[in-house]
>>> print(open('model.txt').read())   # compact mmCIF, C-alpha atoms and all ligand atoms
# COMPACT_ATOMS: atom_id res chain seq x y z
CA MET A 1 11.10 23.90 -8.66
CA GLN A 2 14.46 24.03 -10.42
CA ASN A 3 16.18 21.03 -11.88
CA ASN A 4 19.10 21.57 -9.47
CA SER A 5 16.86 21.25 -6.51
CA PHE A 6 15.35 18.01 -7.86
CA SER A 7 18.83 16.73 -8.43
CA ASP A 8 19.79 17.47 -4.80
CA LYS A 9 16.62 15.79 -3.57
CA SER A 10 17.27 12.78 -5.75
CA ARG A 11 20.78 12.40 -4.30
CA GLN A 12 19.49 12.70 -0.75
CA TYR A 13 16.78 10.11 -1.36
CA LEU A 14 19.31 7.71 -2.88
CA GLN A 15 21.66 8.13 0.03
CA THR A 16 18.87 7.48 2.53
CA LEU A 17 17.53 4.42 0.69
CA CYS A 18 20.87 2.77 -0.13
CA GLU A 19 23.38 4.00 2.44
CA THR A 20 21.69 5.23 5.61
CA ILE A 21 19.28 2.29 5.61
CA PRO A 22 21.10 -1.04 6.04
CA GLY A 23 19.44 -3.12 3.30
CA ARG A 24 15.79 -3.17 2.26
CA CYS A 25 15.00 -6.89 2.00
CA VAL A 26 11.44 -7.75 2.99
CA GLY A 27 10.93 -8.63 6.66
CA SER A 28 14.03 -6.71 7.80
CA GLU A 29 14.29 -3.57 9.93
CA GLY A 30 15.84 -1.70 6.99
CA ASN A 31 12.82 -2.53 4.84
CA ARG A 32 10.48 -1.07 7.48
CA GLN A 33 12.68 2.04 7.74
CA ALA A 34 12.43 2.46 3.97
CA THR A 35 8.63 2.27 3.88
CA GLN A 36 8.43 4.65 6.84
CA PHE A 37 10.73 7.10 5.03
CA PHE A 38 8.55 6.88 1.91
CA LYS A 39 5.42 7.54 3.95
CA THR A 40 6.71 10.53 5.92
CA THR A 41 8.27 12.12 2.82
CA LEU A 42 4.96 11.90 0.93
CA GLU A 43 3.01 13.26 3.87
CA ALA A 44 5.39 16.22 4.05
CA LEU A 45 4.63 16.82 0.37
CA GLY A 46 0.91 16.99 1.14
CA TRP A 47 -0.20 13.51 0.06
CA GLN A 48 -2.64 11.38 1.96
CA THR A 49 -1.01 8.01 2.75
CA ARG A 50 -2.16 4.53 3.66
CA SER A 51 -0.01 1.63 4.93
CA SER A 52 -1.03 -2.01 4.78
CA GLU A 53 0.82 -4.55 6.87
CA PHE A 54 1.71 -8.15 6.05
CA GLU A 55 3.77 -10.86 7.73
CA ALA A 56 7.11 -11.64 6.15
CA MET A 57 10.02 -13.79 7.19
CA ASP A 58 13.51 -12.40 7.41
CA TRP A 59 16.51 -14.71 7.33
CA GLN A 60 20.19 -14.80 8.15
CA THR A 61 23.14 -17.13 7.78
CA ARG A 62 26.51 -17.32 9.48
CA GLY A 63 27.85 -19.44 6.64
CA ALA A 64 27.86 -23.00 5.35
CA GLU A 65 30.45 -25.78 5.15
CA LEU A 66 30.69 -28.97 3.14
CA ILE A 67 33.33 -31.64 3.72
CA ALA A 68 33.82 -34.83 1.67
CA GLU A 69 36.63 -37.18 2.70
CA GLY A 70 38.48 -34.38 4.45
CA LEU A 71 38.17 -31.97 1.50
CA ASN A 72 36.37 -28.65 1.80
CA PHE A 73 33.95 -27.37 -0.83
CA GLU A 74 32.72 -23.81 -1.10
CA VAL A 75 28.97 -23.64 -0.44
CA PHE A 76 26.48 -20.90 0.47
CA SER A 77 23.22 -21.22 2.40
CA SER A 78 20.24 -20.87 0.05
CA PRO A 79 18.34 -17.71 1.01
CA TYR A 80 15.37 -18.38 3.34
CA SER A 81 16.39 -22.05 3.71
CA PRO A 82 16.38 -23.57 7.19
CA GLY A 83 19.83 -24.48 8.53
CA CYS A 84 21.17 -28.04 8.84
CA ASP A 85 23.99 -30.12 10.30
CA VAL A 86 23.96 -33.53 8.60
CA LYS A 87 26.23 -36.43 7.71
CA ALA A 88 24.71 -38.54 4.96
CA ARG A 89 25.27 -40.28 1.66
CA LEU A 90 25.58 -38.04 -1.38
CA LEU A 91 23.30 -38.78 -4.36
CA ASP A 92 23.11 -36.74 -7.53
CA ALA A 93 20.73 -35.94 -10.38
CA SER A 94 21.12 -33.84 -13.51
CA THR A 95 17.60 -34.33 -14.89
CA LEU A 96 14.10 -34.71 -13.48
CA GLN A 97 14.06 -38.34 -14.73
CA GLU A 98 17.20 -39.09 -12.72
CA LEU A 99 15.80 -37.31 -9.67
CA GLU A 100 12.56 -39.30 -9.85
CA LYS A 101 14.53 -42.57 -9.70
CA LEU A 102 16.53 -41.66 -6.59
CA LYS A 103 15.77 -43.22 -3.21
CA MET A 104 16.73 -40.02 -1.52
CA GLU A 105 15.19 -40.23 1.96
CA ASP A 106 17.73 -38.91 4.50
CA ALA A 107 20.41 -38.57 1.82
CA ILE A 108 22.06 -35.37 0.58
CA VAL A 109 21.07 -34.70 -3.02
CA LEU A 110 23.27 -32.79 -5.45
CA LEU A 111 21.36 -31.18 -8.32
CA HIS A 112 23.66 -30.22 -11.20
CA GLY A 113 23.65 -29.66 -14.95
CA GLU A 114 20.36 -29.38 -16.84
CA ILE A 115 18.06 -29.67 -13.80
CA ALA A 116 19.91 -26.79 -12.12
CA ALA A 117 19.85 -24.44 -15.12
CA GLU A 118 17.10 -22.20 -13.72
CA GLN A 119 16.15 -20.77 -10.38
CA LEU A 120 13.01 -22.60 -9.24
CA MET A 121 9.95 -20.41 -8.96
CA PRO A 122 8.86 -20.27 -5.30
CA LYS A 123 6.11 -22.77 -4.45
CA ASN A 124 3.50 -20.12 -3.79
CA PHE A 125 4.46 -17.73 -6.59
CA VAL A 126 1.20 -17.67 -8.52
CA PHE A 127 2.01 -15.36 -11.44
CA TYR A 128 4.36 -17.68 -13.27
CA ASN A 129 5.21 -21.20 -12.25
CA PRO A 130 6.29 -23.65 -14.95
CA ASP A 131 5.26 -27.27 -14.71
CA HIS A 132 8.80 -28.62 -14.60
CA HIS A 133 9.65 -26.40 -11.61
CA GLN A 134 6.62 -27.68 -9.73
CA LYS A 135 7.58 -31.27 -10.58
CA ILE A 136 11.13 -30.82 -9.24
CA VAL A 137 9.77 -29.28 -6.03
CA SER A 138 7.17 -31.98 -5.42
CA CYS A 139 9.65 -34.77 -6.24
CA LEU A 140 12.07 -33.37 -3.64
CA GLU A 141 9.33 -32.89 -1.04
CA SER A 142 8.03 -36.43 -1.44
CA GLY A 143 11.58 -37.86 -1.56
CA LYS A 144 12.48 -36.26 1.80
CA PRO A 145 16.24 -35.84 1.48
CA ALA A 146 18.05 -34.52 4.58
CA ALA A 147 19.49 -31.65 2.52
CA ILE A 148 19.98 -30.41 -1.04
CA ILE A 149 23.03 -28.99 -2.79
CA THR A 150 22.53 -27.12 -6.06
CA ALA A 151 25.42 -26.41 -8.44
CA THR A 152 24.47 -23.51 -10.67
CA GLY A 153 25.88 -21.38 -13.47
CA PHE A 154 25.12 -17.85 -14.60
CA ASN A 155 21.54 -16.97 -15.59
CA PRO A 156 20.95 -13.23 -15.24
CA GLU A 157 17.54 -13.21 -16.93
CA LEU A 158 16.09 -15.31 -14.12
CA ALA A 159 18.46 -14.76 -11.22
CA GLY A 160 20.08 -11.37 -11.81
CA GLY A 161 23.81 -11.01 -12.29
CA VAL A 162 24.68 -13.38 -9.46
CA TYR A 163 27.10 -16.31 -9.87
CA PRO A 164 26.49 -18.93 -8.62
CA PHE A 165 22.79 -18.26 -8.12
CA PRO A 166 20.68 -20.03 -5.49
CA MET A 167 18.51 -22.52 -7.39
CA ILE A 168 16.18 -22.58 -4.37
CA GLU A 169 15.11 -19.31 -2.75
CA ASP A 170 11.84 -20.07 -1.07
CA GLY A 171 10.75 -19.58 2.53
CA ASP A 172 7.82 -21.95 1.93
CA PHE A 173 10.14 -24.84 1.02
CA ASP A 174 11.36 -26.56 4.17
CA ILE A 175 14.18 -28.89 3.07
CA PRO A 176 17.54 -27.31 3.97
CA SER A 177 19.63 -26.39 0.95
CA VAL A 178 22.92 -24.80 -0.09
CA PHE A 179 24.32 -23.77 -3.46
CA MET A 180 27.73 -23.82 -5.15
CA THR A 181 29.36 -23.05 -8.50
CA GLU A 182 29.24 -25.48 -11.42
CA GLU A 183 32.99 -26.05 -10.99
CA GLU A 184 32.58 -27.06 -7.34
CA GLY A 185 29.65 -29.24 -8.41
CA GLU A 186 31.87 -31.08 -10.93
CA ARG A 187 34.46 -31.65 -8.22
CA LEU A 188 31.85 -32.88 -5.75
CA LEU A 189 30.34 -35.36 -8.25
CA ALA A 190 33.36 -37.60 -7.68
CA TYR A 191 32.03 -38.22 -4.16
CA SER A 192 28.58 -39.37 -5.22
CA GLY A 193 27.66 -42.46 -3.19
CA LYS A 194 30.02 -41.49 -0.35
CA VAL A 195 29.09 -40.09 3.04
CA ILE A 196 29.69 -36.35 3.28
CA SER A 197 28.95 -33.75 5.92
CA LEU A 198 27.07 -30.54 5.38
CA LYS A 199 26.44 -27.71 7.79
CA SER A 200 24.45 -24.55 7.06
CA ASP A 201 24.24 -22.13 9.96
CA ALA A 202 21.08 -20.37 8.79
CA GLU A 203 17.89 -19.33 10.53
CA ARG A 204 14.49 -17.96 9.68
CA ILE A 205 13.29 -14.90 11.60
CA GLN A 206 9.65 -13.83 11.87
CA GLY A 207 9.00 -10.26 10.75
CA ASN A 208 6.60 -7.97 8.94
CA GLY A 209 6.47 -5.35 6.22
CA TYR A 210 4.23 -2.71 4.65
CA ASN A 211 2.97 -1.49 1.32
CA VAL A 212 2.57 2.27 1.33
CA ALA A 213 0.20 4.13 -1.00
CA ALA A 214 -0.19 7.90 -1.35
CA ILE A 215 -3.25 9.49 -2.92
CA LYS A 216 -4.25 12.77 -4.55
CA GLY A 217 -7.17 13.71 -6.81
CA LYS A 218 -10.95 13.60 -6.63
CA SER A 219 -12.45 10.44 -8.02
CA ALA A 220 -11.53 6.96 -6.82
CA GLU A 221 -13.63 5.62 -9.71
CA LYS A 222 -10.80 6.60 -12.08
CA ARG A 223 -7.28 5.89 -10.90
CA ILE A 224 -3.80 6.11 -12.34
CA VAL A 225 -1.56 3.87 -10.23
CA VAL A 226 2.16 4.63 -10.33
CA THR A 227 4.25 1.86 -8.78
CA ALA A 228 7.82 1.04 -7.83
CA HIS A 229 9.00 -1.78 -5.62
CA ILE A 230 10.83 -0.54 -2.56
CA ASP A 231 12.35 -3.84 -1.43
CA ALA A 232 15.80 -5.04 -2.46
CA LYS A 233 17.44 -8.45 -2.61
CA LYS A 234 19.60 -9.42 0.33
CA GLY A 235 23.25 -8.48 -0.20
CA THR A 236 22.69 -5.58 -2.59
CA PRO A 237 22.24 -1.84 -2.00
CA GLY A 238 19.54 -2.07 -4.69
CA ALA A 239 20.27 1.32 -6.23
CA ILE A 240 18.97 0.68 -9.76
CA ASP A 241 16.79 -2.20 -8.49
CA ASN A 242 14.88 -0.29 -7.28
CA ALA A 243 15.74 2.73 -5.13
CA THR A 244 15.64 4.77 -8.34
CA GLY A 245 12.02 3.73 -8.97
CA VAL A 246 11.07 4.91 -5.49
CA ILE A 247 12.94 8.17 -6.08
CA VAL A 248 10.94 8.74 -9.28
CA LEU A 249 7.75 8.38 -7.20
CA LEU A 250 9.04 10.92 -4.66
CA LEU A 251 10.11 13.43 -7.33
CA LEU A 252 6.77 12.93 -9.07
CA ALA A 253 4.96 13.55 -5.76
CA GLU A 254 6.65 16.92 -5.58
CA MET A 255 5.91 17.76 -9.23
CA LEU A 256 2.24 16.90 -8.59
CA ALA A 257 2.06 18.67 -5.23
CA ASP A 258 -0.66 21.00 -6.59
CA TYR A 259 -2.53 18.31 -8.52
CA THR A 260 -6.31 18.63 -8.12
CA GLY A 261 -7.49 16.59 -11.14
CA ASP A 262 -10.54 14.34 -11.32
CA THR A 263 -8.49 11.22 -11.85
CA GLN A 264 -7.07 9.90 -8.63
CA VAL A 265 -3.31 9.50 -8.66
CA GLU A 266 -2.05 6.70 -6.44
CA LEU A 267 1.68 6.35 -5.79
CA VAL A 268 2.45 2.87 -4.46
CA ALA A 269 5.67 1.54 -2.95
CA PHE A 270 5.21 -2.17 -3.57
CA ASN A 271 7.00 -4.41 -1.16
CA GLY A 272 8.17 -7.82 -2.32
CA GLU A 273 9.10 -7.83 -6.00
CA ASP A 274 12.47 -9.34 -5.09
CA TYR A 275 11.17 -11.62 -2.32
CA TYR A 276 10.00 -15.21 -2.77
CA ALA A 277 6.43 -14.71 -1.60
CA VAL A 278 5.73 -11.28 -3.22
CA PRO A 279 3.65 -10.40 -0.12
CA GLY A 280 3.03 -6.72 -0.90
CA GLN A 281 1.84 -7.50 -4.41
CA MET A 282 -0.47 -10.28 -3.16
CA LEU A 283 -1.88 -7.94 -0.52
CA TYR A 284 -2.49 -5.19 -3.10
CA ILE A 285 -4.34 -7.64 -5.33
CA SER A 286 -6.57 -8.79 -2.48
CA GLU A 287 -7.27 -5.20 -1.39
CA ASN A 288 -8.23 -4.33 -4.96
CA GLN A 289 -10.37 -7.39 -5.63
CA GLY A 290 -13.18 -6.19 -7.89
CA LEU A 291 -11.66 -2.70 -8.16
CA PHE A 292 -9.13 -3.22 -10.95
CA ASP A 293 -11.60 -1.79 -13.48
CA GLN A 294 -11.18 1.61 -11.82
CA ILE A 295 -7.55 1.63 -12.88
CA LEU A 296 -7.15 3.56 -16.14
CA LEU A 297 -3.44 2.95 -16.27
CA ASN A 298 -0.52 1.53 -14.31
CA ILE A 299 2.89 3.14 -14.66
CA ASN A 300 5.71 1.06 -13.17
CA ILE A 301 9.33 2.07 -12.72
CA ASP A 302 11.96 -0.64 -12.21
CA GLY A 303 15.62 -0.53 -13.14
CA ALA A 304 15.63 3.13 -14.18
CA GLY A 305 18.48 5.66 -14.06
CA TYR A 306 21.52 3.63 -15.06
CA TYR A 307 24.45 5.98 -15.73
CA GLU A 308 25.04 4.61 -19.21
CA GLY A 309 22.52 5.36 -21.96
CA ILE A 310 18.97 6.62 -22.01
CA SER A 311 15.66 5.43 -20.55
CA CYS A 312 13.10 3.15 -22.17
CA PHE A 313 9.34 3.05 -21.90
CA SER A 314 7.35 -0.05 -22.89
CA LEU A 315 3.63 -0.02 -23.53
CA PHE A 316 1.30 -2.85 -22.53
CA SER A 317 -2.23 -3.03 -24.02
CA LEU A 318 -2.97 0.70 -24.10
CA PRO A 319 -6.33 1.62 -25.66
CA SER A 320 -5.59 3.24 -29.02
CA GLY A 321 -6.64 6.78 -28.05
CA MET A 322 -4.46 6.69 -24.95
CA GLU A 323 -1.60 5.13 -26.88
CA THR A 324 -1.56 8.01 -29.36
CA ARG A 325 -1.48 10.62 -26.60
CA VAL A 326 1.13 8.74 -24.58
CA LYS A 327 3.40 8.26 -27.59
CA ALA A 328 3.08 11.91 -28.55
CA ILE A 329 4.32 12.93 -25.10
CA LEU A 330 6.98 10.27 -24.53
CA SER A 331 8.45 10.06 -28.03
CA SER A 332 9.23 13.77 -28.04
CA GLN A 333 11.59 13.41 -25.06
CA GLU A 334 15.24 13.36 -25.96
CA HIS A 335 16.43 10.84 -23.37
CA LEU A 336 13.53 8.43 -23.71
CA THR A 337 12.84 5.80 -26.33
CA GLU A 338 10.23 3.10 -26.81
CA GLY A 339 11.45 -0.40 -25.89
CA PRO A 340 10.10 -3.94 -26.15
CA GLU A 341 7.67 -5.45 -23.65
CA TRP A 342 9.39 -7.10 -20.68
CA PRO A 343 7.50 -9.15 -18.09
CA GLN A 344 9.83 -9.12 -15.03
CA GLY A 345 8.13 -6.34 -13.08
CA ASP A 346 5.06 -5.29 -11.13
CA HIS A 347 3.34 -3.87 -14.24
CA SER A 348 2.68 -7.54 -15.15
CA ILE A 349 0.17 -7.72 -12.30
CA PHE A 350 -1.92 -4.98 -13.88
CA VAL A 351 -1.53 -6.48 -17.34
CA GLN A 352 -2.76 -9.84 -16.00
CA PHE A 353 -5.83 -8.06 -14.63
CA GLY A 354 -6.45 -6.63 -18.10
CA ARG A 355 -5.30 -3.11 -17.28
CA PRO A 356 -3.08 -1.01 -19.56
CA ALA A 357 0.44 -0.37 -18.29
CA ILE A 358 3.61 1.56 -19.08
CA ALA A 359 6.96 0.36 -17.71
CA PHE A 360 10.04 2.56 -17.42
CA THR A 361 13.55 1.18 -17.16
CA SER A 362 17.11 1.80 -18.41
CA LYS A 363 17.73 0.94 -22.05
CA TRP A 364 21.11 -0.54 -21.11
CA PHE A 365 19.48 -3.22 -18.94
CA LEU A 366 17.05 -4.24 -21.68
CA ASP A 367 19.94 -4.43 -24.15
CA ASN A 368 22.18 -6.39 -21.77
CA MET A 369 19.65 -8.50 -19.92
CA SER A 370 21.34 -11.82 -20.64
CA THR A 371 24.90 -10.77 -19.81
CA GLN A 372 24.78 -8.09 -17.11
CA ARG A 373 26.31 -8.82 -13.70
CA ILE A 374 24.77 -5.99 -11.68
CA THR A 375 21.20 -6.85 -10.66
CA HIS A 376 20.98 -8.40 -7.16
CA THR A 377 24.73 -7.97 -6.54
CA PRO A 378 26.79 -5.45 -4.51
CA SER A 379 27.56 -3.70 -7.83
CA ASP A 380 24.03 -2.29 -7.91
CA HIS A 381 25.45 0.69 -6.04
CA PRO A 382 24.51 4.40 -5.85
CA ARG A 383 27.57 5.28 -7.95
CA ILE A 384 25.94 3.78 -11.09
CA VAL A 385 22.94 6.14 -10.93
CA ASN A 386 22.36 9.10 -13.26
CA HIS A 387 19.96 11.38 -11.38
CA GLN A 388 19.08 13.34 -14.51
CA ARG A 389 17.37 10.23 -15.94
CA LEU A 390 15.14 10.02 -12.83
CA ILE A 391 14.10 13.67 -13.07
CA GLU A 392 13.29 13.21 -16.77
CA ILE A 393 11.13 10.16 -16.10
CA ALA A 394 9.28 11.84 -13.23
CA ALA A 395 8.65 14.93 -15.40
CA ALA A 396 7.39 12.78 -18.28
CA ILE A 397 5.01 10.87 -15.97
CA SER A 398 3.77 14.13 -14.48
CA GLN A 399 3.02 15.38 -18.01
CA LEU A 400 1.30 12.09 -18.90
CA ILE A 401 -0.94 12.17 -15.85
CA LYS A 402 -2.06 15.73 -16.54
CA ALA A 403 -2.73 14.86 -20.20
CA ILE A 404 -4.79 11.75 -19.34
CA ASP A 405 -6.80 13.46 -16.56
ZN ZN B 501 13.28 -4.78 -9.56
>>> encode(input="model.txt", output="structure tokens")
Amino acid sequence: MQNNSFSDKSRQYLQTLCETIPGRCVGSEGNRQATQFFKTTLEALGWQTRSSEFEAMDWQTRGAELIAEGLNFEVFSSPYSPGCDVKARLLDASTLQELEKLKMEDAIVLLHGEIAAEQLMPKNFVFYNPDHHQKIVSCLESGKPAAIITATGFNPELAGGVYPFPMIEDGDFDIPSVFMTEEEGERLLAYSGKVISLKSDAERIQGNGYNVAAIKGKSAEKRIVVTAHIDAKKGTPGAIDNATGVIVLLLLAEMLADYTGDTQVELVAFNGEDYYAVPGQMLYISENQGLFDQILLNINIDGAGYYEGISCFSLFSLPSGMETRVKAILSSQEHLTEGPEWPQGDHSIFVQFGRPAIAFTSKWFLDNMSTQRITHTPSDHPRIVNHQRLIEIAAAISQLIKAID
């Protein structure tokens, strides 16, 4: 297969995933179209596929409105929050200590400053959930406010390049909430103690989704699992995050079309990396309970193919023999360089289960993680993709797999 042909395929895949399909957030119709597309494409390339279904809530809003003494404030419904239409006294807190002192039942609580610096980890997110997040959540749940307003800044490492970011994005948290900029929060503080009205025209919608895995090779006792999350945040085409990862899997599937090795190669479209409940990842873990020891290596692609700069690979706990072979292959590639470990991806699941992993991404995103304004925004668009980077990564992975087998 010529490079040109891979490049055409890559473009077609990107167009399908980001333009033909209307958004790939978990629980939505577009998300199901994307997993179906992944499955049929792999089957056409001769891979045996398996889909596993899970329940997942979709969500929509028709907007939110906040009025204090006749003045309008710009607010947005927090993703996956229930809607509300309340008139109540405004209270505020900038620290957990202040929040704990509030008698907040039936009031509207404004969280601003220090307490609103980070996006709260979802209640049921098991992989990483700091104590102070859990304390804020349980304090709010026991305090029973009618609604919550969060005034947030810019924190791309935890919330992507979105400003303001929703401090609460959790379908398992049932107190209605909205979010606003720090500037609006400052302005609203003047109305603390006064009665304000807040309306968020949002609703939760029951839905489902699928993980799709494709398999080739003889022995299930030895597996190399190559993963990319197929879901995208609401409101973004999700080109770099992470249509490009899925495209690498599809290109790799074609490069390995004749693979007959002993080691089983498993290509997995994970569904839920950018969704509060990570349902696809949780399902994969439960399906592989007791089987993680079969996995020789995980290779995860997330954030690859940015048009500026080269690609990075990061190594996580590789056994020394494998590390030498992997480095010999990857370090010789012109557009690939070794980068630092980064935890914000599905490879972390395998690392937590004691399995070695390699993560591929764009060097630019690792270098600009704390300042970039692309991830999870409309700017994560097909026009910022360099298809050559995707072909290079797929070719390198194909070479790695054959060398390890
Ligand atoms: Zn991602």
>>> residues_near_ligand(input="model.txt", ligand="ligand ZN 501 (chain B)", cutoff="7 Å", atoms="only C-alpha atoms and all ligand atoms", output="PyMOL selection string")
chain A and resi 229+241-242+273-274+302-303+345
>>> residues_around(input="model.txt", residues="Glu118 (chain A)", least_positions_apart="3", cutoff="9 Å", atoms="only C-alpha atoms", output="ChimeraX atom specification")
/A:114-115,121,133,152-153,155,158-159,165,167
>>> closest_atom_pairs(input="model.txt", of="region 175-244 of chain A", to="region 377-395 of chain A", cutoff="7 Å", atoms="all atoms listed in the file", output="Markdown table")
| residue | atom | partner | partner_atom | distance |
| --- | --- | --- | --- | --- |
| A:Gly235 | CA | A:Pro378 | CA | 6.3 |
| A:Thr236 | CA | A:Pro378 | CA | 4.5 |
| A:Pro237 | CA | A:His381 | CA | 5.7 |
| A:Gly238 | CA | A:Asp380 | CA | 5.5 |
| A:Ala239 | CA | A:His381 | CA | 5.2 |
| A:Ile240 | CA | A:Asp380 | CA | 6.2 |
| A:Thr244 | CA | A:Leu390 | CA | 6.9 |
>>> residues_around(input="model.txt", residues="Ser142 (chain A)", least_positions_apart="6", cutoff="10 Å", atoms="all atoms listed in the file", output="list in words")
Glu100, Met104 and Glu105 of chain A
>>> closest_residue(input="model.txt", among="A:Ser78, A:Gln289, A:Thr260, A:Asn208", to="Pro176 (chain A)", atoms="only C-alpha atoms")
A:Ser78
>>> closest_residue(input="model.txt", among="A:Ala403, A:Leu120, A:Ala151, A:Val326", to="Leu189 (chain A)", atoms="only C-alpha atoms")
A:Ala151
